[in-house]
Each structure stands twice: as structure tokens, then as C-alpha cells.
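Have a look at my_file-v4.cif; it's mmCIF, N, CA, C and O atoms:
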data_target
loop_
_atom_site.label_atom_id
_atom_site.label_comp_id
_atom_site.auth_asym_id
_atom_site.auth_seq_id
_atom_site.Cartn_x
_atom_site.Cartn_y
_atom_site.Cartn_z
N MET B 1014 115.40 -28.19 186.51
CA MET B 1014 116.72 -27.68 186.22
C MET B 1014 116.60 -26.37 185.44
O MET B 1014 115.73 -26.22 184.60
N TRP B 1015 117.51 -25.47 185.74
CA TRP B 1015 117.60 -24.22 185.00
C TRP B 1015 118.20 -24.50 183.63
O TRP B 1015 119.12 -25.29 183.50
N GLN B 1016 117.66 -23.84 182.63
CA GLN B 1016 118.18 -23.95 181.26
C GLN B 1016 118.60 -22.56 180.81
O GLN B 1016 117.90 -21.58 181.08
N GLU B 1017 119.73 -22.48 180.14
CA GLU B 1017 120.14 -21.20 179.58
C GLU B 1017 119.79 -21.18 178.11
O GLU B 1017 120.23 -22.02 177.34
N LYS B 1018 118.91 -20.23 177.76
CA LYS B 1018 118.53 -20.09 176.36
C LYS B 1018 118.14 -18.64 176.10
O LYS B 1018 117.59 -17.97 176.98
N ASP B 1019 118.47 -18.17 174.92
CA ASP B 1019 118.17 -16.80 174.52
C ASP B 1019 118.70 -15.78 175.53
O ASP B 1019 118.02 -14.81 175.87
N ASN B 1020 119.91 -16.03 176.04
CA ASN B 1020 120.56 -15.13 177.01
C ASN B 1020 119.75 -14.96 178.30
O ASN B 1020 119.78 -13.91 178.92
N LYS B 1021 119.04 -16.01 178.68
CA LYS B 1021 118.26 -16.00 179.92
C LYS B 1021 118.37 -17.36 180.60
O LYS B 1021 118.49 -18.37 179.93
N LEU B 1022 118.33 -17.35 181.93
CA LEU B 1022 118.15 -18.60 182.67
C LEU B 1022 116.66 -18.81 182.81
O LEU B 1022 115.92 -17.88 183.17
N TYR B 1023 116.18 -20.01 182.55
CA TYR B 1023 114.75 -20.30 182.58
C TYR B 1023 114.49 -21.57 183.37
O TYR B 1023 115.23 -22.55 183.27
N ARG B 1024 113.42 -21.51 184.14
CA ARG B 1024 112.96 -22.72 184.82
C ARG B 1024 111.45 -22.64 185.05
O ARG B 1024 110.92 -21.57 185.37
N ALA B 1025 110.78 -23.76 184.87
CA ALA B 1025 109.35 -23.88 185.14
C ALA B 1025 109.17 -24.69 186.42
O ALA B 1025 109.90 -25.66 186.65
N PHE B 1026 108.23 -24.29 187.23
CA PHE B 1026 107.93 -24.96 188.49
C PHE B 1026 106.45 -25.32 188.49
O PHE B 1026 105.61 -24.56 188.01
N GLU B 1027 106.13 -26.48 189.06
CA GLU B 1027 104.73 -26.91 189.19
C GLU B 1027 104.47 -27.26 190.64
O GLU B 1027 105.26 -27.96 191.28
N PHE B 1028 103.33 -26.78 191.14
CA PHE B 1028 102.96 -27.00 192.53
C PHE B 1028 101.60 -27.70 192.61
O PHE B 1028 100.92 -27.87 191.60
N LYS B 1029 101.23 -28.08 193.82
CA LYS B 1029 99.98 -28.81 194.02
C LYS B 1029 98.76 -27.95 193.69
O LYS B 1029 97.76 -28.45 193.17
N ASN B 1030 98.85 -26.65 193.98
CA ASN B 1030 97.71 -25.77 193.76
C ASN B 1030 98.18 -24.31 193.69
O ASN B 1030 99.37 -24.03 193.82
N PHE B 1031 97.23 -23.41 193.50
CA PHE B 1031 97.55 -21.99 193.38
C PHE B 1031 98.17 -21.43 194.65
O PHE B 1031 99.11 -20.64 194.59
N SER B 1032 97.67 -21.84 195.80
CA SER B 1032 98.20 -21.32 197.06
C SER B 1032 99.68 -21.65 197.24
O SER B 1032 100.46 -20.79 197.66
N GLU B 1033 100.06 -22.86 196.90
CA GLU B 1033 101.48 -23.24 197.00
C GLU B 1033 102.33 -22.46 195.99
O GLU B 1033 103.43 -22.03 196.31
N ALA B 1034 101.81 -22.28 194.79
CA ALA B 1034 102.54 -21.51 193.77
C ALA B 1034 102.72 -20.07 194.23
O ALA B 1034 103.81 -19.49 194.12
N PHE B 1035 101.67 -19.49 194.77
CA PHE B 1035 101.73 -18.10 195.21
C PHE B 1035 102.66 -17.94 196.42
O PHE B 1035 103.42 -16.97 196.51
N ALA B 1036 102.63 -18.90 197.33
CA ALA B 1036 103.53 -18.86 198.48
C ALA B 1036 104.99 -18.92 198.02
O ALA B 1036 105.85 -18.19 198.53
N PHE B 1037 105.27 -19.75 197.02
CA PHE B 1037 106.61 -19.84 196.45
C PHE B 1037 107.01 -18.50 195.84
O PHE B 1037 108.12 -18.01 196.04
N MET B 1038 106.10 -17.88 195.09
CA MET B 1038 106.40 -16.59 194.48
C MET B 1038 106.69 -15.53 195.54
O MET B 1038 107.58 -14.69 195.35
N THR B 1039 106.00 -15.59 196.64
CA THR B 1039 106.25 -14.64 197.73
C THR B 1039 107.66 -14.84 198.28
O THR B 1039 108.39 -13.87 198.52
N ARG B 1040 108.06 -16.09 198.49
CA ARG B 1040 109.41 -16.36 198.98
C ARG B 1040 110.47 -15.90 197.98
O ARG B 1040 111.49 -15.32 198.35
N VAL B 1041 110.20 -16.14 196.69
CA VAL B 1041 111.14 -15.69 195.65
C VAL B 1041 111.22 -14.17 195.64
O VAL B 1041 112.31 -13.60 195.52
N ALA B 1042 110.09 -13.50 195.79
CA ALA B 1042 110.08 -12.03 195.79
C ALA B 1042 110.94 -11.49 196.93
O ALA B 1042 111.71 -10.53 196.74
N LEU B 1043 110.83 -12.07 198.10
CA LEU B 1043 111.63 -11.61 199.24
C LEU B 1043 113.11 -11.86 199.01
O LEU B 1043 113.96 -11.01 199.31
N LEU B 1044 113.44 -13.02 198.45
CA LEU B 1044 114.83 -13.34 198.14
C LEU B 1044 115.38 -12.40 197.07
O LEU B 1044 116.49 -11.88 197.18
N ALA B 1045 114.61 -12.16 196.03
CA ALA B 1045 115.03 -11.28 194.94
C ALA B 1045 115.28 -9.87 195.45
O ALA B 1045 116.27 -9.22 195.08
N GLU B 1046 114.42 -9.39 196.31
CA GLU B 1046 114.59 -8.05 196.88
C GLU B 1046 115.89 -7.99 197.69
O GLU B 1046 116.63 -7.00 197.62
N LYS B 1047 116.15 -9.02 198.44
CA LYS B 1047 117.38 -9.10 199.23
C LYS B 1047 118.62 -9.04 198.34
O LYS B 1047 119.63 -8.44 198.70
N HIS B 1048 118.53 -9.66 197.15
CA HIS B 1048 119.64 -9.68 196.19
C HIS B 1048 119.63 -8.46 195.27
O HIS B 1048 120.53 -8.31 194.45
N ASP B 1049 118.61 -7.62 195.41
CA ASP B 1049 118.41 -6.47 194.51
C ASP B 1049 118.49 -6.92 193.05
O ASP B 1049 119.16 -6.32 192.21
N HIS B 1050 117.80 -8.02 192.78
CA HIS B 1050 117.79 -8.59 191.44
C HIS B 1050 116.43 -9.25 191.24
O HIS B 1050 116.07 -10.16 191.98
N HIS B 1051 115.68 -8.79 190.27
CA HIS B 1051 114.27 -9.17 190.19
C HIS B 1051 113.97 -9.95 188.91
O HIS B 1051 114.36 -9.54 187.83
N PRO B 1052 113.26 -11.07 189.05
CA PRO B 1052 112.99 -11.94 187.91
C PRO B 1052 111.86 -11.43 187.03
O PRO B 1052 111.02 -10.64 187.45
N THR B 1053 111.85 -11.94 185.83
CA THR B 1053 110.68 -11.88 184.97
C THR B 1053 109.98 -13.21 185.19
O THR B 1053 110.63 -14.26 185.17
N TRP B 1054 108.67 -13.17 185.45
CA TRP B 1054 107.99 -14.43 185.73
C TRP B 1054 106.53 -14.38 185.36
O TRP B 1054 105.96 -13.31 185.14
N THR B 1055 105.95 -15.57 185.26
CA THR B 1055 104.52 -15.70 185.03
C THR B 1055 103.98 -16.74 186.01
O THR B 1055 104.71 -17.59 186.51
N ASN B 1056 102.68 -16.63 186.24
CA ASN B 1056 101.99 -17.59 187.09
C ASN B 1056 100.64 -17.89 186.47
O ASN B 1056 99.92 -16.98 186.08
N SER B 1057 100.33 -19.16 186.35
CA SER B 1057 99.02 -19.60 185.93
C SER B 1057 98.65 -20.79 186.80
O SER B 1057 99.27 -21.85 186.71
N TRP B 1058 97.69 -20.58 187.67
CA TRP B 1058 97.21 -21.54 188.66
C TRP B 1058 98.36 -22.17 189.42
O TRP B 1058 98.92 -21.54 190.31
N ASN B 1059 98.78 -23.38 189.12
CA ASN B 1059 99.83 -24.04 189.91
C ASN B 1059 101.19 -24.00 189.22
O ASN B 1059 102.12 -24.66 189.65
N GLN B 1060 101.32 -23.22 188.17
CA GLN B 1060 102.55 -23.14 187.39
C GLN B 1060 103.22 -21.78 187.58
O GLN B 1060 102.55 -20.75 187.54
N VAL B 1061 104.52 -21.80 187.77
CA VAL B 1061 105.31 -20.57 187.84
C VAL B 1061 106.49 -20.75 186.88
O VAL B 1061 107.17 -21.78 186.92
N GLU B 1062 106.70 -19.77 186.01
CA GLU B 1062 107.85 -19.77 185.12
C GLU B 1062 108.70 -18.55 185.45
O GLU B 1062 108.16 -17.47 185.67
N ILE B 1063 110.02 -18.75 185.50
CA ILE B 1063 110.93 -17.67 185.85
C ILE B 1063 112.03 -17.56 184.81
O ILE B 1063 112.60 -18.57 184.38
N TRP B 1064 112.33 -16.32 184.43
CA TRP B 1064 113.45 -15.99 183.55
C TRP B 1064 114.36 -15.04 184.30
O TRP B 1064 113.90 -14.04 184.86
N LEU B 1065 115.64 -15.33 184.31
CA LEU B 1065 116.63 -14.48 184.98
C LEU B 1065 117.66 -14.01 183.96
O LEU B 1065 118.20 -14.81 183.19
N TYR B 1066 117.92 -12.71 183.97
CA TYR B 1066 118.98 -12.11 183.16
C TYR B 1066 119.26 -10.74 183.74
O TYR B 1066 118.44 -10.17 184.47
N THR B 1067 120.42 -10.22 183.44
CA THR B 1067 120.85 -8.96 184.06
C THR B 1067 120.73 -7.82 183.04
O THR B 1067 121.47 -7.79 182.04
N HIS B 1068 119.79 -6.92 183.30
CA HIS B 1068 119.54 -5.80 182.40
C HIS B 1068 120.77 -4.90 182.26
O HIS B 1068 121.13 -4.51 181.15
N SER B 1069 121.41 -4.61 183.39
CA SER B 1069 122.53 -3.67 183.38
C SER B 1069 123.77 -4.22 182.67
O SER B 1069 124.69 -3.47 182.37
N ALA B 1070 123.79 -5.53 182.40
CA ALA B 1070 124.92 -6.13 181.69
C ALA B 1070 124.59 -6.37 180.21
O ALA B 1070 125.31 -7.07 179.52
N GLY B 1071 123.49 -5.79 179.77
CA GLY B 1071 123.10 -5.96 178.37
C GLY B 1071 122.14 -7.11 178.14
O GLY B 1071 122.14 -7.71 177.07
N ASP B 1072 121.35 -7.41 179.15
CA ASP B 1072 120.34 -8.49 179.06
C ASP B 1072 120.97 -9.84 178.74
O ASP B 1072 120.55 -10.55 177.82
N ILE B 1073 121.97 -10.18 179.53
CA ILE B 1073 122.61 -11.49 179.41
C ILE B 1073 122.63 -12.16 180.78
O ILE B 1073 122.34 -11.53 181.80
N VAL B 1074 122.98 -13.43 180.81
CA VAL B 1074 123.09 -14.18 182.06
C VAL B 1074 124.44 -13.88 182.69
O VAL B 1074 125.47 -13.95 182.03
N THR B 1075 124.41 -13.52 183.98
CA THR B 1075 125.64 -13.23 184.72
C THR B 1075 125.66 -14.07 186.00
O THR B 1075 124.69 -14.78 186.31
N ASP B 1076 126.74 -13.93 186.76
CA ASP B 1076 126.83 -14.61 188.05
C ASP B 1076 125.70 -14.19 188.98
O ASP B 1076 125.26 -14.98 189.82
N LYS B 1077 125.23 -12.96 188.84
CA LYS B 1077 124.12 -12.48 189.67
C LYS B 1077 122.88 -13.35 189.44
O LYS B 1077 122.17 -13.69 190.38
N ASP B 1078 122.65 -13.72 188.20
CA ASP B 1078 121.51 -14.58 187.86
C ASP B 1078 121.70 -15.99 188.40
O ASP B 1078 120.77 -16.58 188.95
N ARG B 1079 122.90 -16.52 188.23
CA ARG B 1079 123.18 -17.88 188.71
C ARG B 1079 123.06 -17.96 190.24
O ARG B 1079 122.58 -18.95 190.78
N THR B 1080 123.50 -16.90 190.92
CA THR B 1080 123.39 -16.87 192.38
C THR B 1080 121.92 -16.85 192.81
O THR B 1080 121.52 -17.59 193.72
N LEU B 1081 121.11 -16.02 192.16
CA LEU B 1081 119.69 -15.98 192.50
C LEU B 1081 119.02 -17.30 192.17
O LEU B 1081 118.20 -17.79 192.94
N ALA B 1082 119.37 -17.91 191.03
CA ALA B 1082 118.78 -19.21 190.67
C ALA B 1082 119.08 -20.26 191.73
O ALA B 1082 118.20 -21.03 192.12
N ALA B 1083 120.31 -20.27 192.22
CA ALA B 1083 120.68 -21.23 193.27
C ALA B 1083 119.87 -20.96 194.53
O ALA B 1083 119.43 -21.91 195.21
N GLY B 1084 119.65 -19.71 194.86
CA GLY B 1084 118.85 -19.36 196.03
C GLY B 1084 117.40 -19.77 195.85
O GLY B 1084 116.76 -20.26 196.79
N ILE B 1085 116.87 -19.59 194.66
CA ILE B 1085 115.48 -20.00 194.38
C ILE B 1085 115.35 -21.51 194.53
O ILE B 1085 114.37 -21.99 195.09
N ASP B 1086 116.33 -22.25 194.04
CA ASP B 1086 116.28 -23.71 194.17
C ASP B 1086 116.18 -24.15 195.63
O ASP B 1086 115.54 -25.15 195.94
N LYS B 1087 116.79 -23.42 196.51
CA LYS B 1087 116.76 -23.77 197.94
C LYS B 1087 115.39 -23.52 198.56
O LYS B 1087 115.09 -24.01 199.66
N LEU B 1088 114.53 -22.75 197.89
CA LEU B 1088 113.20 -22.44 198.42
C LEU B 1088 112.19 -23.54 198.17
O LEU B 1088 111.10 -23.53 198.72
N ILE B 1089 112.54 -24.48 197.31
CA ILE B 1089 111.57 -25.54 196.94
C ILE B 1089 111.53 -26.60 198.04
O ILE B 1089 112.47 -27.04 198.55
#
Written form, C-alpha cells:
Amino acid sequence: MWQEKDNKLYRAFEFKNFSEAFAFMTRVALLAEKHDHHPTWTNSWNQVEIWLYTHSAGDIVTDKDRTLAAGIDKLI
């Protein structure tokens, strides 16, 4: 589940291995580009963490972030 904290939407994802995590990140990258909205994220082996917030709105969570989060959830 996405959590809103510190003016960001946050979610951690865990996969079976690095290849699955990286494939997920690739799908997220393509979706983010389509939405012209790009996440802050980290990857360590099978773990991916994503933070969403809108820079142009003053680094807060907006509908743009919630829409991208919903799209990311559909990729799992």
C-alpha cells in the first residue's frame, strides 16, 4: 500500500530476484515517461522503493502522483 508521509507518496516493493525488480522498474519508467511524471526511487537486489511528489507544485503530493501510483499498482 502507498503511504503518504513527508509530503510524498511512498511504497516499497519486493520481488523474487534482481531480474524481476529490474523488469518492474523498466515498466514503471515507461509508464512514468508516458505520464511525464518521474519518480524518485532506489533499487537494491530484489527491493524497489518509490517516492512520488510533484516538484512543480512545491514538492507535495498531487493528483498527478496518485494517478501514477495507481498505474504502478497495475504493473504488479
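Between atom N of Met1038 of chain B and atom N of Ala1082 of chain B lies a distance of 13.9 Å.
Nearest to His1048 of chain B of all the residues B:Ala1034, B:Met1014, B:Ile1089, B:Leu1081 is B:Leu1081, counting only C-alpha atoms.
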Query raised in the report: Just so the selection is clear, what residues does the PyMOL selection byres (((chain B and resi 1052 and name CA) around 8) and name CA) cover here, as a list in words?
Result: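 Selected by the PyMOL selection byres (((chain B and resi 1052 and name CA) around 8) and name CA) here: Ala1045, His1050, His1051, Thr1053, Trp1054, Ile1063, Trp1064, Leu1065 and Tyr1066 of chain B.
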Query raised in the report: How many Å separate atom CA of Ala1042 of chain B from atom CA of Arg1079 of chain B?
Result: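 Computing it gives 16.0 Å between the two atoms.
Take atom O of Ile1073 of chain B and atom N of Lys1021 of chain B: the distance between them is 6.4 Å.
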Report task. Using all atoms listed in the file, pick whichever of B:His1068, B:Gly1084, B:Glu1062, B:Lys1047 has the shortest atom-to-atom distance to Tyr1023 of chain B. Result -> B:Glu1062
Query - Nearest to Ala1025 of chain B, chosen from B:Val1061, B:Glu1046, B:Thr1055, B:Thr1039, with only N, CA, C and O atoms counted in the distances - result: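 Of all the options, B:Val1061 lies closest to Ala1025 of chain B.
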Extract the full set of helix (DSSP H, G or I) residues from chain B according to DSSP on the backbone, and format it as a PDB file with N, CA, C and O atoms, in the frame of the given file.
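Dumped to part-v7.pdb:
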ATOM      1  N   PHE B1031      97.230 -23.410 193.500  1.00  0.00           N
ATOM      2  CA  PHE B1031      97.550 -21.990 193.380  1.00  0.00           C
ATOM      3  C   PHE B1031      98.170 -21.430 194.650  1.00  0.00           C
ATOM      4  O   PHE B1031      99.110 -20.640 194.590  1.00  0.00           O
ATOM      5  N   SER B1032      97.670 -21.840 195.800  1.00  0.00           N
ATOM      6  CA  SER B1032      98.200 -21.320 197.060  1.00  0.00           C
ATOM      7  C   SER B1032      99.680 -21.650 197.240  1.00  0.00           C
ATOM      8  O   SER B1032     100.460 -20.790 197.660  1.00  0.00           O
ATOM      9  N   GLU B1033     100.060 -22.860 196.900  1.00  0.00           N
ATOM     10  CA  GLU B1033     101.480 -23.240 197.000  1.00  0.00           C
ATOM     11  C   GLU B1033     102.330 -22.460 195.990  1.00  0.00           C
ATOM     12  O   GLU B1033     103.430 -22.030 196.310  1.00  0.00           O
ATOM     13  N   ALA B1034     101.810 -22.280 194.790  1.00  0.00           N
ATOM     14  CA  ALA B1034     102.540 -21.510 193.770  1.00  0.00           C
ATOM     15  C   ALA B1034     102.720 -20.070 194.230  1.00  0.00           C
ATOM     16  O   ALA B1034     103.810 -19.490 194.120  1.00  0.00           O
ATOM     17  N   PHE B1035     101.670 -19.490 194.770  1.00  0.00           N
ATOM     18  CA  PHE B1035     101.730 -18.100 195.210  1.00  0.00           C
ATOM     19  C   PHE B1035     102.660 -17.940 196.420  1.00  0.00           C
ATOM     20  O   PHE B1035     103.420 -16.970 196.510  1.00  0.00           O
ATOM     21  N   ALA B1036     102.630 -18.900 197.330  1.00  0.00           N
ATOM     22  CA  ALA B1036     103.530 -18.860 198.480  1.00  0.00           C
ATOM     23  C   ALA B1036     104.990 -18.920 198.020  1.00  0.00           C
ATOM     24  O   ALA B1036     105.850 -18.190 198.530  1.00  0.00           O
ATOM     25  N   PHE B1037     105.270 -19.750 197.020  1.00  0.00           N
ATOM     26  CA  PHE B1037     106.610 -19.840 196.450  1.00  0.00           C
ATOM     27  C   PHE B1037     107.010 -18.500 195.840  1.00  0.00           C
ATOM     28  O   PHE B1037     108.120 -18.010 196.040  1.00  0.00           O
ATOM     29  N   MET B1038     106.100 -17.880 195.090  1.00  0.00           N
ATOM     30  CA  MET B1038     106.400 -16.590 194.480  1.00  0.00           C
ATOM     31  C   MET B1038     106.690 -15.530 195.540  1.00  0.00           C
ATOM     32  O   MET B1038     107.580 -14.690 195.350  1.00  0.00           O
ATOM     33  N   THR B1039     106.000 -15.590 196.640  1.00  0.00           N
ATOM     34  CA  THR B1039     106.250 -14.640 197.730  1.00  0.00           C
ATOM     35  C   THR B1039     107.660 -14.840 198.280  1.00  0.00           C
ATOM     36  O   THR B1039     108.390 -13.870 198.520  1.00  0.00           O
ATOM     37  N   ARG B1040     108.060 -16.090 198.490  1.00  0.00           N
ATOM     38  CA  ARG B1040     109.410 -16.360 198.980  1.00  0.00           C
ATOM     39  C   ARG B1040     110.470 -15.900 197.980  1.00  0.00           C
ATOM     40  O   ARG B1040     111.490 -15.320 198.350  1.00  0.00           O
ATOM     41  N   VAL B1041     110.200 -16.140 196.690  1.00  0.00           N
ATOM     42  CA  VAL B1041     111.140 -15.690 195.650  1.00  0.00           C
ATOM     43  C   VAL B1041     111.220 -14.170 195.640  1.00  0.00           C
ATOM     44  O   VAL B1041     112.310 -13.600 195.520  1.00  0.00           O
ATOM     45  N   ALA B1042     110.090 -13.500 195.790  1.00  0.00           N
ATOM     46  CA  ALA B1042     110.080 -12.030 195.790  1.00  0.00           C
ATOM     47  C   ALA B1042     110.940 -11.490 196.930  1.00  0.00           C
ATOM     48  O   ALA B1042     111.710 -10.530 196.740  1.00  0.00           O
ATOM     49  N   LEU B1043     110.830 -12.070 198.100  1.00  0.00           N
ATOM     50  CA  LEU B1043     111.630 -11.610 199.240  1.00  0.00           C
ATOM     51  C   LEU B1043     113.110 -11.860 199.010  1.00  0.00           C
ATOM     52  O   LEU B1043     113.960 -11.010 199.310  1.00  0.00           O
ATOM     53  N   LEU B1044     113.440 -13.020 198.450  1.00  0.00           N
ATOM     54  CA  LEU B1044     114.830 -13.340 198.140  1.00  0.00           C
ATOM     55  C   LEU B1044     115.380 -12.400 197.070  1.00  0.00           C
ATOM     56  O   LEU B1044     116.490 -11.880 197.180  1.00  0.00           O
ATOM     57  N   ALA B1045     114.610 -12.160 196.030  1.00  0.00           N
ATOM     58  CA  ALA B1045     115.030 -11.280 194.940  1.00  0.00           C
ATOM     59  C   ALA B1045     115.280  -9.870 195.450  1.00  0.00           C
ATOM     60  O   ALA B1045     116.270  -9.220 195.080  1.00  0.00           O
ATOM     61  N   GLU B1046     114.420  -9.390 196.310  1.00  0.00           N
ATOM     62  CA  GLU B1046     114.590  -8.050 196.880  1.00  0.00           C
ATOM     63  C   GLU B1046     115.890  -7.990 197.690  1.00  0.00           C
ATOM     64  O   GLU B1046     116.630  -7.000 197.620  1.00  0.00           O
ATOM     65  N   LYS B1047     116.150  -9.020 198.440  1.00  0.00           N
ATOM     66  CA  LYS B1047     117.380  -9.100 199.230  1.00  0.00           C
ATOM     67  C   LYS B1047     118.620  -9.040 198.340  1.00  0.00           C
ATOM     68  O   LYS B1047     119.630  -8.440 198.700  1.00  0.00           O
ATOM     69  N   HIS B1048     118.530  -9.660 197.150  1.00  0.00           N
ATOM     70  CA  HIS B1048     119.640  -9.680 196.190  1.00  0.00           C
ATOM     71  C   HIS B1048     119.630  -8.460 195.270  1.00  0.00           C
ATOM     72  O   HIS B1048     120.530  -8.310 194.450  1.00  0.00           O
ATOM     73  N   HIS B1068     119.790  -6.920 183.300  1.00  0.00           N
ATOM     74  CA  HIS B1068     119.540  -5.800 182.400  1.00  0.00           C
ATOM     75  C   HIS B1068     120.770  -4.900 182.260  1.00  0.00           C
ATOM     76  O   HIS B1068     121.130  -4.510 181.150  1.00  0.00           O
ATOM     77  N   SER B1069     121.410  -4.610 183.390  1.00  0.00           N
ATOM     78  CA  SER B1069     122.530  -3.670 183.380  1.00  0.00           C
ATOM     79  C   SER B1069     123.770  -4.220 182.670  1.00  0.00           C
ATOM     80  O   SER B1069     124.690  -3.470 182.370  1.00  0.00           O
ATOM     81  N   ALA B1070     123.790  -5.530 182.400  1.00  0.00           N
ATOM     82  CA  ALA B1070     124.920  -6.130 181.690  1.00  0.00           C
ATOM     83  C   ALA B1070     124.590  -6.370 180.210  1.00  0.00           C
ATOM     84  O   ALA B1070     125.310  -7.070 179.520  1.00  0.00           O
ATOM     85  N   ASP B1076     126.740 -13.930 186.760  1.00  0.00           N
ATOM     86  CA  ASP B1076     126.830 -14.610 188.050  1.00  0.00           C
ATOM     87  C   ASP B1076     125.700 -14.190 188.980  1.00  0.00           C
ATOM     88  O   ASP B1076     125.260 -14.980 189.820  1.00  0.00           O
ATOM     89  N   LYS B1077     125.230 -12.960 188.840  1.00  0.00           N
ATOM     90  CA  LYS B1077     124.120 -12.480 189.670  1.00  0.00           C
ATOM     91  C   LYS B1077     122.880 -13.350 189.440  1.00  0.00           C
ATOM     92  O   LYS B1077     122.170 -13.690 190.380  1.00  0.00           O
ATOM     93  N   ASP B1078     122.650 -13.720 188.200  1.00  0.00           N
ATOM     94  CA  ASP B1078     121.510 -14.580 187.860  1.00  0.00           C
ATOM     95  C   ASP B1078     121.700 -15.990 188.400  1.00  0.00           C
ATOM     96  O   ASP B1078     120.770 -16.580 188.950  1.00  0.00           O
ATOM     97  N   ARG B1079     122.900 -16.520 188.230  1.00  0.00           N
ATOM     98  CA  ARG B1079     123.180 -17.880 188.710  1.00  0.00           C
ATOM     99  C   ARG B1079     123.060 -17.960 190.240  1.00  0.00           C
ATOM    100  O   ARG B1079     122.580 -18.950 190.780  1.00  0.00           O
ATOM    101  N   THR B1080     123.500 -16.900 190.920  1.00  0.00           N
ATOM    102  CA  THR B1080     123.390 -16.870 192.380  1.00  0.00           C
ATOM    103  C   THR B1080     121.920 -16.850 192.810  1.00  0.00           C
ATOM    104  O   THR B1080     121.520 -17.590 193.720  1.00  0.00           O
ATOM    105  N   LEU B1081     121.110 -16.020 192.160  1.00  0.00           N
ATOM    106  CA  LEU B1081     119.690 -15.980 192.500  1.00  0.00           C
ATOM    107  C   LEU B1081     119.020 -17.300 192.170  1.00  0.00           C
ATOM    108  O   LEU B1081     118.200 -17.790 192.940  1.00  0.00           O
ATOM    109  N   ALA B1082     119.370 -17.910 191.030  1.00  0.00           N
ATOM    110  CA  ALA B1082     118.780 -19.210 190.670  1.00  0.00           C
ATOM    111  C   ALA B1082     119.080 -20.260 191.730  1.00  0.00           C
ATOM    112  O   ALA B1082     118.200 -21.030 192.120  1.00  0.00           O
ATOM    113  N   ALA B1083     120.310 -20.270 192.220  1.00  0.00           N
ATOM    114  CA  ALA B1083     120.680 -21.230 193.270  1.00  0.00           C
ATOM    115  C   ALA B1083     119.870 -20.960 194.530  1.00  0.00           C
ATOM    116  O   ALA B1083     119.430 -21.910 195.210  1.00  0.00           O
ATOM    117  N   GLY B1084     119.650 -19.710 194.860  1.00  0.00           N
ATOM    118  CA  GLY B1084     118.850 -19.360 196.030  1.00  0.00           C
ATOM    119  C   GLY B1084     117.400 -19.770 195.850  1.00  0.00           C
ATOM    120  O   GLY B1084     116.760 -20.260 196.790  1.00  0.00           O
ATOM    121  N   ILE B1085     116.870 -19.590 194.660  1.00  0.00           N
ATOM    122  CA  ILE B1085     115.480 -20.000 194.380  1.00  0.00           C
ATOM    123  C   ILE B1085     115.350 -21.510 194.530  1.00  0.00           C
ATOM    124  O   ILE B1085     114.370 -21.990 195.090  1.00  0.00           O
ATOM    125  N   ASP B1086     116.330 -22.250 194.040  1.00  0.00           N
ATOM    126  CA  ASP B1086     116.280 -23.710 194.170  1.00  0.00           C
ATOM    127  C   ASP B1086     116.180 -24.150 195.630  1.00  0.00           C
ATOM    128  O   ASP B1086     115.540 -25.150 195.940  1.00  0.00           O
ATOM    129  N   LYS B1087     116.790 -23.420 196.510  1.00  0.00           N
ATOM    130  CA  LYS B1087     116.760 -23.770 197.940  1.00  0.00           C
ATOM    131  C   LYS B1087     115.390 -23.520 198.560  1.00  0.00           C
ATOM    132  O   LYS B1087     115.090 -24.010 199.660  1.00  0.00           O
TER     133      LYS B1087
END
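Proximity ranking of B:Asn1059, B:Leu1043, B:Ala1083, B:Ala1070 relative to Phe1026 of chain B places B:Asn1059 first, based on all atoms listed in the file.
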Report task. Give me every strand (DSSP E or B) residue in chain B, going by DSSP on the backbone, as a list in words. Result ->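 Selection result, strand (DSSP E or B) within chain B: Gln1016, Glu1017, Lys1018, Lys1021, Leu1022, Tyr1023, Arg1024, Ala1025, Phe1026, Glu1027, Thr1053, Trp1054, Thr1055, Asn1056, Ser1057, Gln1060, Val1061, Glu1062, Ile1063, Trp1064, Leu1065, Thr1067 and Ile1073 of chain B.
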**Report entry** Counting only N, CA, C and O atoms, the option among B:Thr1067, B:Asp1049, B:Asp1019, B:Trp1058 closest to Glu1033 of chain B
**Finding:**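 Ranked by minimum distance to Glu1033 of chain B, first place goes to B:Trp1058.
Counting only C-alpha atoms, the residue from B:Ile1085, B:Val1041, B:Ala1036, B:Val1074 that sits nearest to Lys1018 of chain B is B:Val1074.
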Centre, x/y/z edge lengths, axis-aligned box for segment 1028-1036 of chain B with 5 Å per side, as JSON:
{"center_x": 101.5, "center_y": -22.9, "center_z": 194.8, "size_x": 18.6, "size_y": 21.8, "size_z": 17.4}
